[in-house]
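First the structure, in the form of structure tokens, and then the observations on it.
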Amino acid sequence: MAWVIDREAVSSDFLEGEVVAIHLGTGIYYSLRGSAAVLWQALAQPADAAQLGAILAAQFAVTPAQAEQDATPFLFRLQVEGLVRPAASGAGPAAAPAPVSVLPYTAPEFERFADLQDLLLLDPIHDVGAQGWPQRPPPHPKP
């Protein structure tokens, strides 16, 4: 089965080699580096564990078999966290990139942070109006 980032529930950005993703429904945010950041970017298009393994093998010093073996539990954890959803049937698979460089490899993992969860749920980023965020509340009328 192919999976893709759930863009309706998740906002993410790639900054200096790290992906920071926020689940807008839960207020939990995630840090993905190295091979995890590569896989996250690949999941912009539908991909299954075998395709993700091929992408890792093209980018890192790891065999395709080991990369797929490592990508499978990573993909499962993304599913459990609600960060990815099944891809629509008929969606095209992600293409493995041409090798850019062979980087040292570590299995893909992400860090999960709930410390700002209450704040993010209190004033969700996705409810920002044209005037921006944060907004000062209007003054209370005098009795």
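Here, A, B, ... name the chains of the structure tokens in the order displayed, residue numbers run from 1 inside each chain, and ligands are numbered from 1 in the same displayed order.
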Shell around Ala107 in chain A at 9 Å using only C-alpha atoms, local window under 2 positions removed, as a PDB file with N, CA and C atoms, in the first residue's frame:
ATOM      1  N   GLY A  34      18.239  13.646   8.792  1.00  0.00           N
ATOM      2  CA  GLY A  34      18.952  12.589   8.059  1.00  0.00           C
ATOM      3  C   GLY A  34      18.028  11.796   7.157  1.00  0.00           C
ATOM      4  N   SER A  35      18.083  10.478   7.291  1.00  0.00           N
ATOM      5  CA  SER A  35      17.284   9.608   6.427  1.00  0.00           C
ATOM      6  C   SER A  35      15.788   9.829   6.630  1.00  0.00           C
ATOM      7  N   ALA A  36      15.367  10.202   7.839  1.00  0.00           N
ATOM      8  CA  ALA A  36      13.943  10.462   8.090  1.00  0.00           C
ATOM      9  C   ALA A  36      13.474  11.680   7.297  1.00  0.00           C
ATOM     10  N   ALA A  67      17.537  -0.936   3.826  1.00  0.00           N
ATOM     11  CA  ALA A  67      16.784   0.320   3.797  1.00  0.00           C
ATOM     12  C   ALA A  67      15.284   0.060   3.863  1.00  0.00           C
ATOM     13  N   ASP A  70      14.320  -0.968   7.341  1.00  0.00           N
ATOM     14  CA  ASP A  70      14.285   0.183   8.247  1.00  0.00           C
ATOM     15  C   ASP A  70      13.111   1.114   7.942  1.00  0.00           C
ATOM     16  N   ALA A  71      12.738   1.245   6.677  1.00  0.00           N
ATOM     17  CA  ALA A  71      11.655   2.144   6.284  1.00  0.00           C
ATOM     18  C   ALA A  71      10.292   1.632   6.749  1.00  0.00           C
ATOM     19  N   PHE A  74       9.376   2.720  10.331  1.00  0.00           N
ATOM     20  CA  PHE A  74       9.284   4.186  10.295  1.00  0.00           C
ATOM     21  C   PHE A  74       7.942   4.598   9.695  1.00  0.00           C
ATOM     22  N   TYR A 105      24.817   6.460   6.927  1.00  0.00           N
ATOM     23  CA  TYR A 105      23.422   6.066   7.126  1.00  0.00           C
ATOM     24  C   TYR A 105      23.109   5.755   8.581  1.00  0.00           C
ATOM     25  N   GLU A 109      14.313   7.843  11.989  1.00  0.00           N
ATOM     26  CA  GLU A 109      13.575   7.992  13.240  1.00  0.00           C
ATOM     27  C   GLU A 109      13.116   9.433  13.330  1.00  0.00           C
TER      28      GLU A 109
END
Distance criterion (only C-alpha atoms): nearest to Leu56 in chain A out of A:Pro108, A:Leu83, A:Phe113, A:His23:
A:Pro108
Shell of 8 Å around range 37-43 of chain A, only C-alpha atoms, local chain residues under 6 positions omitted, as an MDAnalysis selection string
chainID A and resid 3:5 17:19 52 55:56 94 108
Between CA of Ala47 in chain A and CA of Leu78 in chain A, what is the distance, to one decimal in Å?
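For CA of Ala47 in chain A relative to CA of Leu78 in chain A, the distance reads 12.9 Å.
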Using DSSP on the backbone, list every residue of range 20-64 of chain A that comes out as helix (DSSP H, G or I), and give them as a PyMOL selection string.
chain A and resi 35-42+49-59+64
Kindly save the residues from that selection, with N, CA and C atoms included, as a PDB file, in the first residue's frame.
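To be explicit, this is the file written out as part-v3.pdb:
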ATOM      1  N   SER A  35      18.083  10.478   7.291  1.00  0.00           N
ATOM      2  CA  SER A  35      17.284   9.608   6.427  1.00  0.00           C
ATOM      3  C   SER A  35      15.788   9.829   6.630  1.00  0.00           C
ATOM      4  N   ALA A  36      15.367  10.202   7.839  1.00  0.00           N
ATOM      5  CA  ALA A  36      13.943  10.462   8.090  1.00  0.00           C
ATOM      6  C   ALA A  36      13.474  11.680   7.297  1.00  0.00           C
ATOM      7  N   ALA A  37      14.306  12.708   7.205  1.00  0.00           N
ATOM      8  CA  ALA A  37      13.952  13.898   6.430  1.00  0.00           C
ATOM      9  C   ALA A  37      13.851  13.562   4.940  1.00  0.00           C
ATOM     10  N   VAL A  38      14.742  12.711   4.459  1.00  0.00           N
ATOM     11  CA  VAL A  38      14.692  12.284   3.054  1.00  0.00           C
ATOM     12  C   VAL A  38      13.381  11.545   2.781  1.00  0.00           C
ATOM     13  N   LEU A  39      12.987  10.643   3.687  1.00  0.00           N
ATOM     14  CA  LEU A  39      11.746   9.896   3.488  1.00  0.00           C
ATOM     15  C   LEU A  39      10.528  10.812   3.573  1.00  0.00           C
ATOM     16  N   TRP A  40      10.554  11.754   4.488  1.00  0.00           N
ATOM     17  CA  TRP A  40       9.423  12.682   4.598  1.00  0.00           C
ATOM     18  C   TRP A  40       9.228  13.426   3.281  1.00  0.00           C
ATOM     19  N   GLN A  41      10.311  13.921   2.717  1.00  0.00           N
ATOM     20  CA  GLN A  41      10.210  14.636   1.454  1.00  0.00           C
ATOM     21  C   GLN A  41       9.716  13.713   0.340  1.00  0.00           C
ATOM     22  N   ALA A  42      10.124  12.458   0.378  1.00  0.00           N
ATOM     23  CA  ALA A  42       9.668  11.498  -0.630  1.00  0.00           C
ATOM     24  C   ALA A  42       8.174  11.239  -0.501  1.00  0.00           C
ATOM     25  N   ALA A  49       6.776   1.043   1.365  1.00  0.00           N
ATOM     26  CA  ALA A  49       8.048   0.781   2.056  1.00  0.00           C
ATOM     27  C   ALA A  49       9.155   0.394   1.073  1.00  0.00           C
ATOM     28  N   ALA A  50       8.839  -0.379   0.045  1.00  0.00           N
ATOM     29  CA  ALA A  50       9.855  -0.785  -0.929  1.00  0.00           C
ATOM     30  C   ALA A  50      10.393   0.435  -1.688  1.00  0.00           C
ATOM     31  N   GLN A  51       9.510   1.330  -2.080  1.00  0.00           N
ATOM     32  CA  GLN A  51       9.938   2.538  -2.792  1.00  0.00           C
ATOM     33  C   GLN A  51      10.759   3.441  -1.879  1.00  0.00           C
ATOM     34  N   LEU A  52      10.343   3.551  -0.620  1.00  0.00           N
ATOM     35  CA  LEU A  52      11.111   4.354   0.324  1.00  0.00           C
ATOM     36  C   LEU A  52      12.493   3.749   0.550  1.00  0.00           C
ATOM     37  N   GLY A  53      12.568   2.419   0.611  1.00  0.00           N
ATOM     38  CA  GLY A  53      13.863   1.747   0.738  1.00  0.00           C
ATOM     39  C   GLY A  53      14.766   2.047  -0.446  1.00  0.00           C
ATOM     40  N   ALA A  54      14.197   2.046  -1.641  1.00  0.00           N
ATOM     41  CA  ALA A  54      14.991   2.359  -2.841  1.00  0.00           C
ATOM     42  C   ALA A  54      15.503   3.791  -2.797  1.00  0.00           C
ATOM     43  N   ILE A  55      14.689   4.698  -2.296  1.00  0.00           N
ATOM     44  CA  ILE A  55      15.108   6.093  -2.179  1.00  0.00           C
ATOM     45  C   ILE A  55      16.261   6.214  -1.185  1.00  0.00           C
ATOM     46  N   LEU A  56      16.153   5.534  -0.044  1.00  0.00           N
ATOM     47  CA  LEU A  56      17.253   5.559   0.934  1.00  0.00           C
ATOM     48  C   LEU A  56      18.528   4.970   0.356  1.00  0.00           C
ATOM     49  N   ALA A  57      18.401   3.843  -0.353  1.00  0.00           N
ATOM     50  CA  ALA A  57      19.578   3.186  -0.924  1.00  0.00           C
ATOM     51  C   ALA A  57      20.258   4.075  -1.966  1.00  0.00           C
ATOM     52  N   ALA A  58      19.481   4.920  -2.646  1.00  0.00           N
ATOM     53  CA  ALA A  58      20.060   5.826  -3.634  1.00  0.00           C
ATOM     54  C   ALA A  58      20.795   6.988  -2.983  1.00  0.00           C
ATOM     55  N   GLN A  59      20.411   7.342  -1.761  1.00  0.00           N
ATOM     56  CA  GLN A  59      20.977   8.514  -1.098  1.00  0.00           C
ATOM     57  C   GLN A  59      22.039   8.192  -0.044  1.00  0.00           C
ATOM     58  N   PRO A  64      19.584  -1.862  -0.428  1.00  0.00           N
ATOM     59  CA  PRO A  64      18.133  -1.713  -0.586  1.00  0.00           C
ATOM     60  C   PRO A  64      17.334  -2.575   0.398  1.00  0.00           C
TER      61      PRO A  64
END
I'd like the contact shell of Tyr29 in chain A - 12 Å cut-off, only C-alpha atoms, skipping same-chain residues fewer than 5 positions apart - returned as a PyMOL selection string.
chain A and resi 9-13+19-24+81-83+110-121
Just the selected residues (N, CA and C atoms), exported as an mmCIF file, in the first residue's frame, please.
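Final output, saved to result36.cif:
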data_model
loop_
_atom_site.group_PDB
_atom_site.id
_atom_site.type_symbol
_atom_site.label_atom_id
_atom_site.label_comp_id
_atom_site.auth_asym_id
_atom_site.auth_seq_id
_atom_site.Cartn_x
_atom_site.Cartn_y
_atom_site.Cartn_z
ATOM 1 N N ALA A 9 -3.992 17.500 7.694
ATOM 2 C CA ALA A 9 -3.772 17.401 9.139
ATOM 3 C C ALA A 9 -2.386 17.857 9.567
ATOM 4 N N VAL A 10 -1.455 17.965 8.617
ATOM 5 C CA VAL A 10 -0.055 18.203 8.965
ATOM 6 C C VAL A 10 0.508 19.380 8.179
ATOM 7 N N SER A 11 1.257 20.208 8.880
ATOM 8 C CA SER A 11 2.023 21.278 8.241
ATOM 9 C C SER A 11 3.494 20.976 8.503
ATOM 10 N N SER A 12 4.333 21.142 7.499
ATOM 11 C CA SER A 12 5.755 20.844 7.697
ATOM 12 C C SER A 12 6.608 21.792 6.873
ATOM 13 N N ASP A 13 7.874 21.891 7.293
ATOM 14 C CA ASP A 13 8.828 22.724 6.570
ATOM 15 C C ASP A 13 10.209 22.098 6.716
ATOM 16 N N VAL A 19 13.394 18.427 8.993
ATOM 17 C CA VAL A 19 11.981 18.664 8.759
ATOM 18 C C VAL A 19 11.321 18.847 10.111
ATOM 19 N N VAL A 20 10.543 19.915 10.229
ATOM 20 C CA VAL A 20 9.712 20.128 11.403
ATOM 21 C C VAL A 20 8.278 20.001 10.923
ATOM 22 N N ALA A 21 7.550 19.063 11.508
ATOM 23 C CA ALA A 21 6.163 18.810 11.132
ATOM 24 C C ALA A 21 5.281 18.991 12.358
ATOM 25 N N ILE A 22 4.120 19.595 12.156
ATOM 26 C CA ILE A 22 3.160 19.803 13.234
ATOM 27 C C ILE A 22 1.845 19.163 12.829
ATOM 28 N N HIS A 23 1.325 18.296 13.698
ATOM 29 C CA HIS A 23 -0.009 17.737 13.482
ATOM 30 C C HIS A 23 -0.996 18.761 14.029
ATOM 31 N N LEU A 24 -1.754 19.394 13.146
ATOM 32 C CA LEU A 24 -2.619 20.491 13.529
ATOM 33 C C LEU A 24 -3.794 20.047 14.395
ATOM 34 N N GLU A 81 0.969 7.964 14.232
ATOM 35 C CA GLU A 81 0.909 9.366 14.645
ATOM 36 C C GLU A 81 -0.090 10.181 13.821
ATOM 37 N N GLY A 82 -0.635 9.602 12.756
ATOM 38 C CA GLY A 82 -1.592 10.307 11.910
ATOM 39 C C GLY A 82 -0.956 11.311 10.977
ATOM 40 N N LEU A 83 0.319 11.102 10.641
ATOM 41 C CA LEU A 83 1.038 12.036 9.779
ATOM 42 C C LEU A 83 0.916 11.692 8.302
ATOM 43 N N PHE A 110 12.148 9.686 14.187
ATOM 44 C CA PHE A 110 11.752 11.066 14.442
ATOM 45 C C PHE A 110 11.604 11.280 15.934
ATOM 46 N N GLU A 111 11.750 12.538 16.313
ATOM 47 C CA GLU A 111 11.519 12.924 17.697
ATOM 48 C C GLU A 111 10.122 13.524 17.782
ATOM 49 N N ARG A 112 9.433 13.225 18.877
ATOM 50 C CA ARG A 112 8.050 13.671 19.082
ATOM 51 C C ARG A 112 8.031 14.602 20.289
ATOM 52 N N PHE A 113 7.390 15.769 20.121
ATOM 53 C CA PHE A 113 7.338 16.758 21.192
ATOM 54 C C PHE A 113 5.901 17.173 21.459
ATOM 55 N N ALA A 114 5.502 17.119 22.719
ATOM 56 C CA ALA A 114 4.152 17.520 23.100
ATOM 57 C C ALA A 114 4.171 18.739 24.017
ATOM 58 N N ASP A 115 5.342 19.340 24.227
ATOM 59 C CA ASP A 115 5.459 20.436 25.190
ATOM 60 C C ASP A 115 4.689 21.692 24.798
ATOM 61 N N LEU A 116 4.436 21.910 23.525
ATOM 62 C CA LEU A 116 3.667 23.080 23.086
ATOM 63 C C LEU A 116 2.247 22.701 22.671
ATOM 64 N N GLN A 117 1.864 21.480 22.959
ATOM 65 C CA GLN A 117 0.576 20.964 22.513
ATOM 66 C C GLN A 117 -0.589 21.852 22.963
ATOM 67 N N ASP A 118 -0.637 22.218 24.235
ATOM 68 C CA ASP A 118 -1.740 23.042 24.726
ATOM 69 C C ASP A 118 -1.773 24.400 24.038
ATOM 70 N N LEU A 119 -0.621 25.004 23.851
ATOM 71 C CA LEU A 119 -0.551 26.307 23.197
ATOM 72 C C LEU A 119 -0.996 26.222 21.741
ATOM 73 N N LEU A 120 -0.530 25.203 21.021
ATOM 74 C CA LEU A 120 -0.895 25.063 19.614
ATOM 75 C C LEU A 120 -2.377 24.773 19.441
ATOM 76 N N LEU A 121 -2.967 24.031 20.378
ATOM 77 C CA LEU A 121 -4.394 23.740 20.282
ATOM 78 C C LEU A 121 -5.246 24.926 20.738
#
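Of note, CA of Ile28 in chain A and CA of Val80 in chain A are spaced 12.9 Å apart.
CA of Ser31 in chain A is positioned 23.0 Å from CA of Ala87 in chain A.
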Using only C-alpha atoms for the distances, tell me which of A:Pro104, A:Phe76, A:Met1, A:Ala44 is nearest to Ala61 in chain A.
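Checking each of A:Pro104, A:Phe76, A:Met1, A:Ala44 against Ala61 in chain A, counting only C-alpha atoms, the winner is A:Pro104.
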Could you tell me, as an mmCIF file with C-alpha atoms, in the first residue's frame, which residues of range 7-64 of chain A DSSP assigns to strand (DSSP E or B) when given the backbone?
data_model
loop_
_atom_site.group_PDB
_atom_site.id
_atom_site.type_symbol
_atom_site.label_atom_id
_atom_site.label_comp_id
_atom_site.auth_asym_id
_atom_site.auth_seq_id
_atom_site.Cartn_x
_atom_site.Cartn_y
_atom_site.Cartn_z
ATOM 1 C CA VAL A 10 -0.055 18.203 8.965
ATOM 2 C CA SER A 11 2.023 21.278 8.241
ATOM 3 C CA SER A 12 5.755 20.844 7.697
ATOM 4 C CA ASP A 13 8.828 22.724 6.570
ATOM 5 C CA PHE A 14 12.399 21.756 5.683
ATOM 6 C CA LEU A 15 14.951 23.944 7.455
ATOM 7 C CA GLU A 18 15.692 19.074 9.331
ATOM 8 C CA VAL A 19 11.981 18.664 8.759
ATOM 9 C CA VAL A 20 9.712 20.128 11.403
ATOM 10 C CA ALA A 21 6.163 18.810 11.132
ATOM 11 C CA ILE A 22 3.160 19.803 13.234
ATOM 12 C CA HIS A 23 -0.009 17.737 13.482
ATOM 13 C CA TYR A 29 5.259 18.456 16.570
ATOM 14 C CA TYR A 30 8.033 16.306 15.167
ATOM 15 C CA SER A 31 11.670 16.659 14.193
ATOM 16 C CA LEU A 32 12.971 14.511 11.337
ATOM 17 C CA ARG A 33 16.654 14.542 10.364
ATOM 18 C CA ALA A 47 5.204 5.647 -1.812
ATOM 19 C CA PHE A 60 22.862 6.647 1.621
#
